[in-house]
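A short worksheet on the structure shown next.
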Amino acid sequence: MSLFKWLFPDKVEFKSQIDFPAAALEPFIDKNRQALSLIPNWIDEDAFKKSWFDYGVPSFIRGDINKPISRTLTYSDLLLYFSDKHFPHLNYFEIGVSVGKNFFQMINGHEKGTFTAFDIETINPVLENELELVETETWKTPAGSIKKNESYLKKYRRNALDVRYLCGDVWDENSWAKLKGNKYNIVFSDALHTPKAILFEFEMLVKYDLLDEKFVIVWDDLVGKMQKSFFRIINKYKRNYPIHDIYLVNINGWIGEHEAPHTVGIISSFPL
């Protein structure tokens, strides 16, 4: 018996291929490739020297981070497609932002909406240069955290967009509490990539009531035991959050064809 069938004794439709019309995706591929052309260099050397995890950019892909990518579909294209098709009032939440390439594609692709980023790293100056700072709130990071400086929530504007950057430890519940009152309709999880971490993230989404009634959640890098946590989340919360579509697919990330495709999990509370 497969792990999926063991966790889901009831009949559940499970999709392993992207089945959205290619013609519908083309405009979002165009928009994202245009966005990537706006910033020639995502590496700020001073910021990287001060970072805790090199902004989540391992040495073997650092040389590829600024290379143009082909028109092969990426999860960034898919996220932009979902947001445009389904959410006229977008409230987007990204956990684990790295240098900000995916996050920038999302904000560049919209004329209105609210966009929140959550990362242990200080906002990449390359991304911050695209934003207008409005206000900053700071608080103490827990003593046991690998992060040794203050945490903060910065609020920015970009034209008509409301953009927020929460610089904190994903294990710090005080940081999650700062988000209470939001109702996110797209969540992209791309932070610690451990089974325990994605379970904790979802517990925080539930505890602080951060999911809108209509939502899409996308998890990156669901390999090995990460898939077990993905299934566990669905199994545990499917009564609280009716889940309509479930995908587990291989697709390119924001490095494009310069690295292997990522295994990505997607759930939605409505037909995608």
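If you're wondering about the labels, chains in the structure tokens are A, B, ... by order shown, residues count from 1 in each chain, ligands from 1 in order shown.
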(message) Which of region 19-191 of chain A end up as alpha helix (DSSP H) when DSSP is run on this backbone - answer as an MDAnalysis selection string?
(response) chainID A and resid 22:37 45:50 59:62 75:86 101:108 125:128 173:177
Output file for the selection above: C-alpha atoms, as a PDB file, in the first residue's frame:
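Below is the file that was written, again00.pdb:
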```
ATOM      1  CA  ALA A  22      -0.597  26.246 -22.022  1.00  0.00           C
ATOM      2  CA  ALA A  23      -2.178  29.252 -23.755  1.00  0.00           C
ATOM      3  CA  ALA A  24      -3.536  30.489 -20.418  1.00  0.00           C
ATOM      4  CA  LEU A  25      -0.075  30.311 -18.825  1.00  0.00           C
ATOM      5  CA  GLU A  26       1.800  32.129 -21.607  1.00  0.00           C
ATOM      6  CA  PRO A  27       0.974  35.724 -20.506  1.00  0.00           C
ATOM      7  CA  PHE A  28       2.319  35.014 -17.015  1.00  0.00           C
ATOM      8  CA  ILE A  29       5.520  33.497 -18.355  1.00  0.00           C
ATOM      9  CA  ASP A  30       5.937  36.672 -20.437  1.00  0.00           C
ATOM     10  CA  LYS A  31       5.324  38.915 -17.452  1.00  0.00           C
ATOM     11  CA  ASN A  32       7.744  37.050 -15.192  1.00  0.00           C
ATOM     12  CA  ARG A  33      10.568  36.931 -17.745  1.00  0.00           C
ATOM     13  CA  GLN A  34      10.149  40.674 -18.209  1.00  0.00           C
ATOM     14  CA  ALA A  35      10.303  41.158 -14.431  1.00  0.00           C
ATOM     15  CA  LEU A  36      13.538  39.157 -14.165  1.00  0.00           C
ATOM     16  CA  SER A  37      15.122  41.327 -16.864  1.00  0.00           C
ATOM     17  CA  GLU A  45      28.021  41.036  -1.381  1.00  0.00           C
ATOM     18  CA  ASP A  46      27.859  43.005   1.886  1.00  0.00           C
ATOM     19  CA  ALA A  47      24.424  41.599   2.699  1.00  0.00           C
ATOM     20  CA  PHE A  48      25.577  38.048   1.974  1.00  0.00           C
ATOM     21  CA  LYS A  49      28.548  38.472   4.332  1.00  0.00           C
ATOM     22  CA  LYS A  50      26.175  39.467   7.148  1.00  0.00           C
ATOM     23  CA  SER A  59      27.336  27.817  -3.490  1.00  0.00           C
ATOM     24  CA  PHE A  60      26.578  25.420  -6.356  1.00  0.00           C
ATOM     25  CA  ILE A  61      23.798  27.667  -7.743  1.00  0.00           C
ATOM     26  CA  ARG A  62      25.189  31.084  -6.829  1.00  0.00           C
ATOM     27  CA  TYR A  75       6.456  27.707  -9.947  1.00  0.00           C
ATOM     28  CA  SER A  76       6.692  31.516 -10.053  1.00  0.00           C
ATOM     29  CA  ASP A  77       4.684  31.463 -13.283  1.00  0.00           C
ATOM     30  CA  LEU A  78       2.146  29.147 -11.694  1.00  0.00           C
ATOM     31  CA  LEU A  79       1.785  31.359  -8.604  1.00  0.00           C
ATOM     32  CA  LEU A  80       1.204  34.420 -10.772  1.00  0.00           C
ATOM     33  CA  TYR A  81      -1.363  32.501 -12.821  1.00  0.00           C
ATOM     34  CA  PHE A  82      -3.259  31.382  -9.705  1.00  0.00           C
ATOM     35  CA  SER A  83      -3.264  34.880  -8.243  1.00  0.00           C
ATOM     36  CA  ASP A  84      -4.510  36.572 -11.399  1.00  0.00           C
ATOM     37  CA  LYS A  85      -7.159  33.976 -12.214  1.00  0.00           C
ATOM     38  CA  HIS A  86      -8.665  33.443  -8.776  1.00  0.00           C
ATOM     39  CA  LYS A 101      13.415  36.725  -6.975  1.00  0.00           C
ATOM     40  CA  ASN A 102      10.119  34.877  -6.645  1.00  0.00           C
ATOM     41  CA  PHE A 103       8.656  37.541  -4.339  1.00  0.00           C
ATOM     42  CA  PHE A 104       9.650  40.292  -6.781  1.00  0.00           C
ATOM     43  CA  GLN A 105       7.949  38.487  -9.657  1.00  0.00           C
ATOM     44  CA  MET A 106       4.755  38.354  -7.610  1.00  0.00           C
ATOM     45  CA  ILE A 107       4.727  42.044  -6.711  1.00  0.00           C
ATOM     46  CA  ASN A 108       5.800  43.075 -10.207  1.00  0.00           C
ATOM     47  CA  PRO A 125      18.997  45.428  -0.407  1.00  0.00           C
ATOM     48  CA  VAL A 126      18.451  44.605  -4.087  1.00  0.00           C
ATOM     49  CA  LEU A 127      14.778  43.893  -3.324  1.00  0.00           C
ATOM     50  CA  GLU A 128      14.460  46.771  -0.868  1.00  0.00           C
ATOM     51  CA  GLU A 173       5.877  32.337  17.611  1.00  0.00           C
ATOM     52  CA  ASN A 174       6.077  36.043  18.498  1.00  0.00           C
ATOM     53  CA  SER A 175       6.875  36.691  14.837  1.00  0.00           C
ATOM     54  CA  TRP A 176       3.836  34.731  13.675  1.00  0.00           C
ATOM     55  CA  ALA A 177       1.664  36.643  16.140  1.00  0.00           C
TER      56      ALA A 177
END
```
(request) Grab the CA of Lys214 (chain A) to CA of Ser268 (chain A) distance for me, in Å with one decimal place. (result) 7.7 Å
(request) Could you pull out the residues in region 160-234 of chain A that DSSP calls strand (DSSP E or B) from the backbone, as a list in words? (result) Leu161, Asp162, Val163, Arg164, Tyr165, Leu166, Cys167, Tyr184, Asn185, Ile186, Val187, Phe188, Ser189, Leu211, Asp212, Glu213, Lys214, Phe215, Val216, Ile217, Val218 and Trp219 of chain A
Write the residues you've just listed into a file as a PDB file, in the first residue's frame, and include N, CA and C atoms for each of them.
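Once written, result_26.pdb looks like this:
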```
ATOM      1  N   LEU A 161       0.727  49.001  -4.238  1.00  0.00           N
ATOM      2  CA  LEU A 161       0.863  47.750  -3.507  1.00  0.00           C
ATOM      3  C   LEU A 161       1.268  47.983  -2.057  1.00  0.00           C
ATOM      4  N   ASP A 162       0.724  47.161  -1.178  1.00  0.00           N
ATOM      5  CA  ASP A 162       1.105  47.127   0.232  1.00  0.00           C
ATOM      6  C   ASP A 162       2.060  45.948   0.398  1.00  0.00           C
ATOM      7  N   VAL A 163       3.329  46.227   0.716  1.00  0.00           N
ATOM      8  CA  VAL A 163       4.362  45.185   0.807  1.00  0.00           C
ATOM      9  C   VAL A 163       4.953  45.185   2.211  1.00  0.00           C
ATOM     10  N   ARG A 164       5.060  43.987   2.800  1.00  0.00           N
ATOM     11  CA  ARG A 164       5.585  43.856   4.161  1.00  0.00           C
ATOM     12  C   ARG A 164       6.694  42.812   4.191  1.00  0.00           C
ATOM     13  N   TYR A 165       7.704  43.081   5.004  1.00  0.00           N
ATOM     14  CA  TYR A 165       8.807  42.126   5.162  1.00  0.00           C
ATOM     15  C   TYR A 165       9.010  41.855   6.639  1.00  0.00           C
ATOM     16  N   LEU A 166       8.732  40.608   7.035  1.00  0.00           N
ATOM     17  CA  LEU A 166       8.911  40.189   8.416  1.00  0.00           C
ATOM     18  C   LEU A 166      10.250  39.469   8.511  1.00  0.00           C
ATOM     19  N   CYS A 167      11.202  40.092   9.174  1.00  0.00           N
ATOM     20  CA  CYS A 167      12.525  39.503   9.374  1.00  0.00           C
ATOM     21  C   CYS A 167      12.545  38.855  10.757  1.00  0.00           C
ATOM     22  N   TYR A 184      -4.677  35.281   4.384  1.00  0.00           N
ATOM     23  CA  TYR A 184      -3.920  35.057   3.158  1.00  0.00           C
ATOM     24  C   TYR A 184      -4.657  34.096   2.238  1.00  0.00           C
ATOM     25  N   ASN A 185      -4.676  34.438   0.939  1.00  0.00           N
ATOM     26  CA  ASN A 185      -5.319  33.533  -0.005  1.00  0.00           C
ATOM     27  C   ASN A 185      -4.336  32.768  -0.887  1.00  0.00           C
ATOM     28  N   ILE A 186      -3.078  33.205  -0.938  1.00  0.00           N
ATOM     29  CA  ILE A 186      -2.011  32.371  -1.507  1.00  0.00           C
ATOM     30  C   ILE A 186      -0.848  32.356  -0.517  1.00  0.00           C
ATOM     31  N   VAL A 187      -0.390  31.155  -0.186  1.00  0.00           N
ATOM     32  CA  VAL A 187       0.768  30.972   0.691  1.00  0.00           C
ATOM     33  C   VAL A 187       1.796  30.144  -0.067  1.00  0.00           C
ATOM     34  N   PHE A 188       3.038  30.611  -0.079  1.00  0.00           N
ATOM     35  CA  PHE A 188       4.136  29.865  -0.687  1.00  0.00           C
ATOM     36  C   PHE A 188       5.172  29.573   0.386  1.00  0.00           C
ATOM     37  N   SER A 189       5.394  28.277   0.666  1.00  0.00           N
ATOM     38  CA  SER A 189       6.336  27.847   1.699  1.00  0.00           C
ATOM     39  C   SER A 189       7.638  27.390   1.062  1.00  0.00           C
ATOM     40  N   LEU A 211      -5.500  31.864   7.228  1.00  0.00           N
ATOM     41  CA  LEU A 211      -5.949  31.419   5.917  1.00  0.00           C
ATOM     42  C   LEU A 211      -7.334  31.965   5.595  1.00  0.00           C
ATOM     43  N   ASP A 212      -7.468  32.499   4.395  1.00  0.00           N
ATOM     44  CA  ASP A 212      -8.773  32.946   3.922  1.00  0.00           C
ATOM     45  C   ASP A 212      -9.642  31.723   3.614  1.00  0.00           C
ATOM     46  N   GLU A 213     -10.923  31.945   3.453  1.00  0.00           N
ATOM     47  CA  GLU A 213     -11.830  30.839   3.139  1.00  0.00           C
ATOM     48  C   GLU A 213     -11.463  30.199   1.808  1.00  0.00           C
ATOM     49  N   LYS A 214     -11.062  31.005   0.861  1.00  0.00           N
ATOM     50  CA  LYS A 214     -10.613  30.523  -0.447  1.00  0.00           C
ATOM     51  C   LYS A 214      -9.100  30.702  -0.515  1.00  0.00           C
ATOM     52  N   PHE A 215      -8.358  29.588  -0.649  1.00  0.00           N
ATOM     53  CA  PHE A 215      -6.900  29.697  -0.582  1.00  0.00           C
ATOM     54  C   PHE A 215      -6.215  28.654  -1.460  1.00  0.00           C
ATOM     55  N   VAL A 216      -4.963  28.969  -1.787  1.00  0.00           N
ATOM     56  CA  VAL A 216      -4.032  28.036  -2.418  1.00  0.00           C
ATOM     57  C   VAL A 216      -2.753  28.050  -1.576  1.00  0.00           C
ATOM     58  N   ILE A 217      -2.203  26.871  -1.305  1.00  0.00           N
ATOM     59  CA  ILE A 217      -0.914  26.777  -0.618  1.00  0.00           C
ATOM     60  C   ILE A 217       0.032  25.962  -1.488  1.00  0.00           C
ATOM     61  N   VAL A 218       1.243  26.453  -1.653  1.00  0.00           N
ATOM     62  CA  VAL A 218       2.267  25.787  -2.454  1.00  0.00           C
ATOM     63  C   VAL A 218       3.501  25.568  -1.583  1.00  0.00           C
ATOM     64  N   TRP A 219       3.989  24.321  -1.563  1.00  0.00           N
ATOM     65  CA  TRP A 219       5.214  23.984  -0.835  1.00  0.00           C
ATOM     66  C   TRP A 219       6.297  23.603  -1.832  1.00  0.00           C
TER      67      TRP A 219
END
```
(request) Record the distance separating CA of Phe202 (chain A) and CA of Ile95 (chain A), expressed in Å with one decimal. (result)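 So the answer is 11.0 Å.
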(request) In Å, rounded to a single decimal, give me how far CA of Asp221 (chain A) is from CA of Tyr247 (chain A). (result)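 Here the two named atoms are 13.1 Å from each other.
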(request) Give the answer as one residue: which of A:Asp190, A:Thr74, A:Phe87, A:Phe231 has the shortest atom-to-atom distance to Phe270 (chain A), using only C-alpha atoms? (result)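 Comparing A:Asp190, A:Thr74, A:Phe87, A:Phe231 against Phe270 (chain A), the winner is A:Phe87.
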(request) Point out the residue among A:Leu210, A:Glu135, A:Asp220, A:Lys228 with the least atom-to-atom distance to Lys196 (chain A), counting only C-alpha atoms. (result)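 Counting only C-alpha atoms, the residue closest to Lys196 (chain A) is A:Lys228.
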(message) Given only C-alpha atoms as the basis, pick out the residue of A:Ile198, A:Trp42, A:Trp171, A:Leu73 nearest to Ile123 (chain A).
(response) A:Trp42
(request) Identify, on the basis of only C-alpha atoms, every residue whose closest approach to Ile246 (chain A) does not exceed 12 Å; exclude the query and any residue fewer than 3 positions from it along the same chain; express the result as a VMD selection string. (result) chain A and resid 4 12 to 18 216 to 219 230 to 231 233 to 235 238 242 to 243 249 264 to 272
Next, write the just-selected residues to a file, as a PDB file, in the first residue's frame, keeping N, CA and C atoms as the atom set.
```pdb
ATOM      1  N   PHE A   4       0.362   7.406   0.285  1.00  0.00           N
ATOM      2  CA  PHE A   4      -0.802   8.248   0.036  1.00  0.00           C
ATOM      3  C   PHE A   4      -2.096   7.506   0.378  1.00  0.00           C
ATOM      4  N   VAL A  12      -9.435  10.077  -2.871  1.00  0.00           N
ATOM      5  CA  VAL A  12      -8.959  11.448  -3.023  1.00  0.00           C
ATOM      6  C   VAL A  12      -8.294  11.567  -4.382  1.00  0.00           C
ATOM      7  N   GLU A  13      -8.671  12.577  -5.138  1.00  0.00           N
ATOM      8  CA  GLU A  13      -8.034  12.794  -6.442  1.00  0.00           C
ATOM      9  C   GLU A  13      -6.671  13.426  -6.236  1.00  0.00           C
ATOM     10  N   PHE A  14      -5.671  12.801  -6.809  1.00  0.00           N
ATOM     11  CA  PHE A  14      -4.294  13.239  -6.627  1.00  0.00           C
ATOM     12  C   PHE A  14      -3.679  13.429  -8.012  1.00  0.00           C
ATOM     13  N   LYS A  15      -3.159  14.631  -8.269  1.00  0.00           N
ATOM     14  CA  LYS A  15      -2.647  14.939  -9.602  1.00  0.00           C
ATOM     15  C   LYS A  15      -1.127  15.066  -9.575  1.00  0.00           C
ATOM     16  N   SER A  16      -0.485  14.428 -10.537  1.00  0.00           N
ATOM     17  CA  SER A  16       0.979  14.460 -10.614  1.00  0.00           C
ATOM     18  C   SER A  16       1.476  15.208 -11.846  1.00  0.00           C
ATOM     19  N   GLN A  17       0.553  15.808 -12.594  1.00  0.00           N
ATOM     20  CA  GLN A  17       0.911  16.589 -13.773  1.00  0.00           C
ATOM     21  C   GLN A  17       0.176  17.924 -13.763  1.00  0.00           C
ATOM     22  N   ILE A  18       0.862  18.973 -14.223  1.00  0.00           N
ATOM     23  CA  ILE A  18       0.212  20.264 -14.399  1.00  0.00           C
ATOM     24  C   ILE A  18      -0.764  20.148 -15.565  1.00  0.00           C
ATOM     25  N   VAL A 216      -4.963  28.969  -1.787  1.00  0.00           N
ATOM     26  CA  VAL A 216      -4.032  28.036  -2.418  1.00  0.00           C
ATOM     27  C   VAL A 216      -2.753  28.050  -1.576  1.00  0.00           C
ATOM     28  N   ILE A 217      -2.203  26.871  -1.305  1.00  0.00           N
ATOM     29  CA  ILE A 217      -0.914  26.777  -0.618  1.00  0.00           C
ATOM     30  C   ILE A 217       0.032  25.962  -1.488  1.00  0.00           C
ATOM     31  N   VAL A 218       1.243  26.453  -1.653  1.00  0.00           N
ATOM     32  CA  VAL A 218       2.267  25.787  -2.454  1.00  0.00           C
ATOM     33  C   VAL A 218       3.501  25.568  -1.583  1.00  0.00           C
ATOM     34  N   TRP A 219       3.989  24.321  -1.563  1.00  0.00           N
ATOM     35  CA  TRP A 219       5.214  23.984  -0.835  1.00  0.00           C
ATOM     36  C   TRP A 219       6.297  23.603  -1.832  1.00  0.00           C
ATOM     37  N   PHE A 230       3.565  16.718   4.187  1.00  0.00           N
ATOM     38  CA  PHE A 230       2.559  17.299   3.279  1.00  0.00           C
ATOM     39  C   PHE A 230       1.245  16.522   3.392  1.00  0.00           C
ATOM     40  N   PHE A 231       1.319  15.188   3.291  1.00  0.00           N
ATOM     41  CA  PHE A 231       0.130  14.360   3.415  1.00  0.00           C
ATOM     42  C   PHE A 231      -0.487  14.463   4.806  1.00  0.00           C
ATOM     43  N   ILE A 233      -0.430  17.027   6.847  1.00  0.00           N
ATOM     44  CA  ILE A 233      -1.141  18.299   6.958  1.00  0.00           C
ATOM     45  C   ILE A 233      -2.539  18.167   6.351  1.00  0.00           C
ATOM     46  N   ILE A 234      -2.609  17.595   5.159  1.00  0.00           N
ATOM     47  CA  ILE A 234      -3.904  17.433   4.496  1.00  0.00           C
ATOM     48  C   ILE A 234      -4.830  16.554   5.331  1.00  0.00           C
ATOM     49  N   ASN A 235      -4.293  15.439   5.798  1.00  0.00           N
ATOM     50  CA  ASN A 235      -5.098  14.486   6.561  1.00  0.00           C
ATOM     51  C   ASN A 235      -5.611  15.078   7.871  1.00  0.00           C
ATOM     52  N   LYS A 238      -8.115  18.433   6.857  1.00  0.00           N
ATOM     53  CA  LYS A 238      -9.077  18.444   5.757  1.00  0.00           C
ATOM     54  C   LYS A 238     -10.511  18.673   6.229  1.00  0.00           C
ATOM     55  N   PRO A 242     -11.785  22.467   3.881  1.00  0.00           N
ATOM     56  CA  PRO A 242     -12.138  21.590   2.763  1.00  0.00           C
ATOM     57  C   PRO A 242     -11.127  21.735   1.622  1.00  0.00           C
ATOM     58  N   ILE A 243     -10.502  20.651   1.244  1.00  0.00           N
ATOM     59  CA  ILE A 243      -9.446  20.671   0.230  1.00  0.00           C
ATOM     60  C   ILE A 243      -9.985  20.050  -1.050  1.00  0.00           C
ATOM     61  N   VAL A 249       3.898  17.689  -7.994  1.00  0.00           N
ATOM     62  CA  VAL A 249       4.420  17.769  -9.364  1.00  0.00           C
ATOM     63  C   VAL A 249       5.890  18.183  -9.368  1.00  0.00           C
ATOM     64  N   VAL A 264       7.051  19.887  -6.017  1.00  0.00           N
ATOM     65  CA  VAL A 264       6.216  20.932  -5.429  1.00  0.00           C
ATOM     66  C   VAL A 264       4.842  20.356  -5.095  1.00  0.00           C
ATOM     67  N   GLY A 265       4.366  20.660  -3.875  1.00  0.00           N
ATOM     68  CA  GLY A 265       3.032  20.253  -3.457  1.00  0.00           C
ATOM     69  C   GLY A 265       2.089  21.440  -3.486  1.00  0.00           C
ATOM     70  N   ILE A 266       0.866  21.224  -3.931  1.00  0.00           N
ATOM     71  CA  ILE A 266      -0.134  22.287  -4.033  1.00  0.00           C
ATOM     72  C   ILE A 266      -1.453  21.767  -3.487  1.00  0.00           C
ATOM     73  N   ILE A 267      -2.109  22.553  -2.643  1.00  0.00           N
ATOM     74  CA  ILE A 267      -3.482  22.259  -2.255  1.00  0.00           C
ATOM     75  C   ILE A 267      -4.317  23.520  -2.456  1.00  0.00           C
ATOM     76  N   SER A 268      -5.594  23.318  -2.732  1.00  0.00           N
ATOM     77  CA  SER A 268      -6.498  24.455  -2.863  1.00  0.00           C
ATOM     78  C   SER A 268      -7.831  24.102  -2.233  1.00  0.00           C
ATOM     79  N   SER A 269      -8.543  25.113  -1.780  1.00  0.00           N
ATOM     80  CA  SER A 269      -9.852  24.910  -1.162  1.00  0.00           C
ATOM     81  C   SER A 269     -10.981  24.998  -2.194  1.00  0.00           C
ATOM     82  N   PHE A 270     -10.633  25.072  -3.469  1.00  0.00           N
ATOM     83  CA  PHE A 270     -11.594  25.255  -4.565  1.00  0.00           C
ATOM     84  C   PHE A 270     -10.975  24.666  -5.830  1.00  0.00           C
ATOM     85  N   PRO A 271     -11.733  24.503  -6.881  1.00  0.00           N
ATOM     86  CA  PRO A 271     -11.165  23.958  -8.126  1.00  0.00           C
ATOM     87  C   PRO A 271     -10.186  24.927  -8.781  1.00  0.00           C
ATOM     88  N   LEU A 272      -8.984  24.497  -9.007  1.00  0.00           N
ATOM     89  CA  LEU A 272      -7.990  25.335  -9.657  1.00  0.00           C
ATOM     90  C   LEU A 272      -8.179  25.367 -11.178  1.00  0.00           C
TER      91      LEU A 272
END
```
(message) Here is a test: counting only C-alpha atoms, which residue of A:Glu259, A:Glu111, A:Glu137, A:Asp169 is nearest to Gly96 (chain A)?
(response)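 Nearest to Gly96 (chain A): A:Asp169.
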(request) Please provide as a list in words all residues within 7 Å of region 130-134 of chain A, with the sequence filter that same-chain residues fewer than 3 positions apart are discarded (counting only C-alpha atoms). (result) Leu127, Lys155, Tyr156, Arg157 and Arg158 of chain A
(request) Considering only C-alpha atoms, state which residue in the set A:Ile120, A:Ala197, A:Leu205, A:Leu248 is at the smallest distance from Val223 (chain A). (result)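 Closest candidate: A:Leu248.
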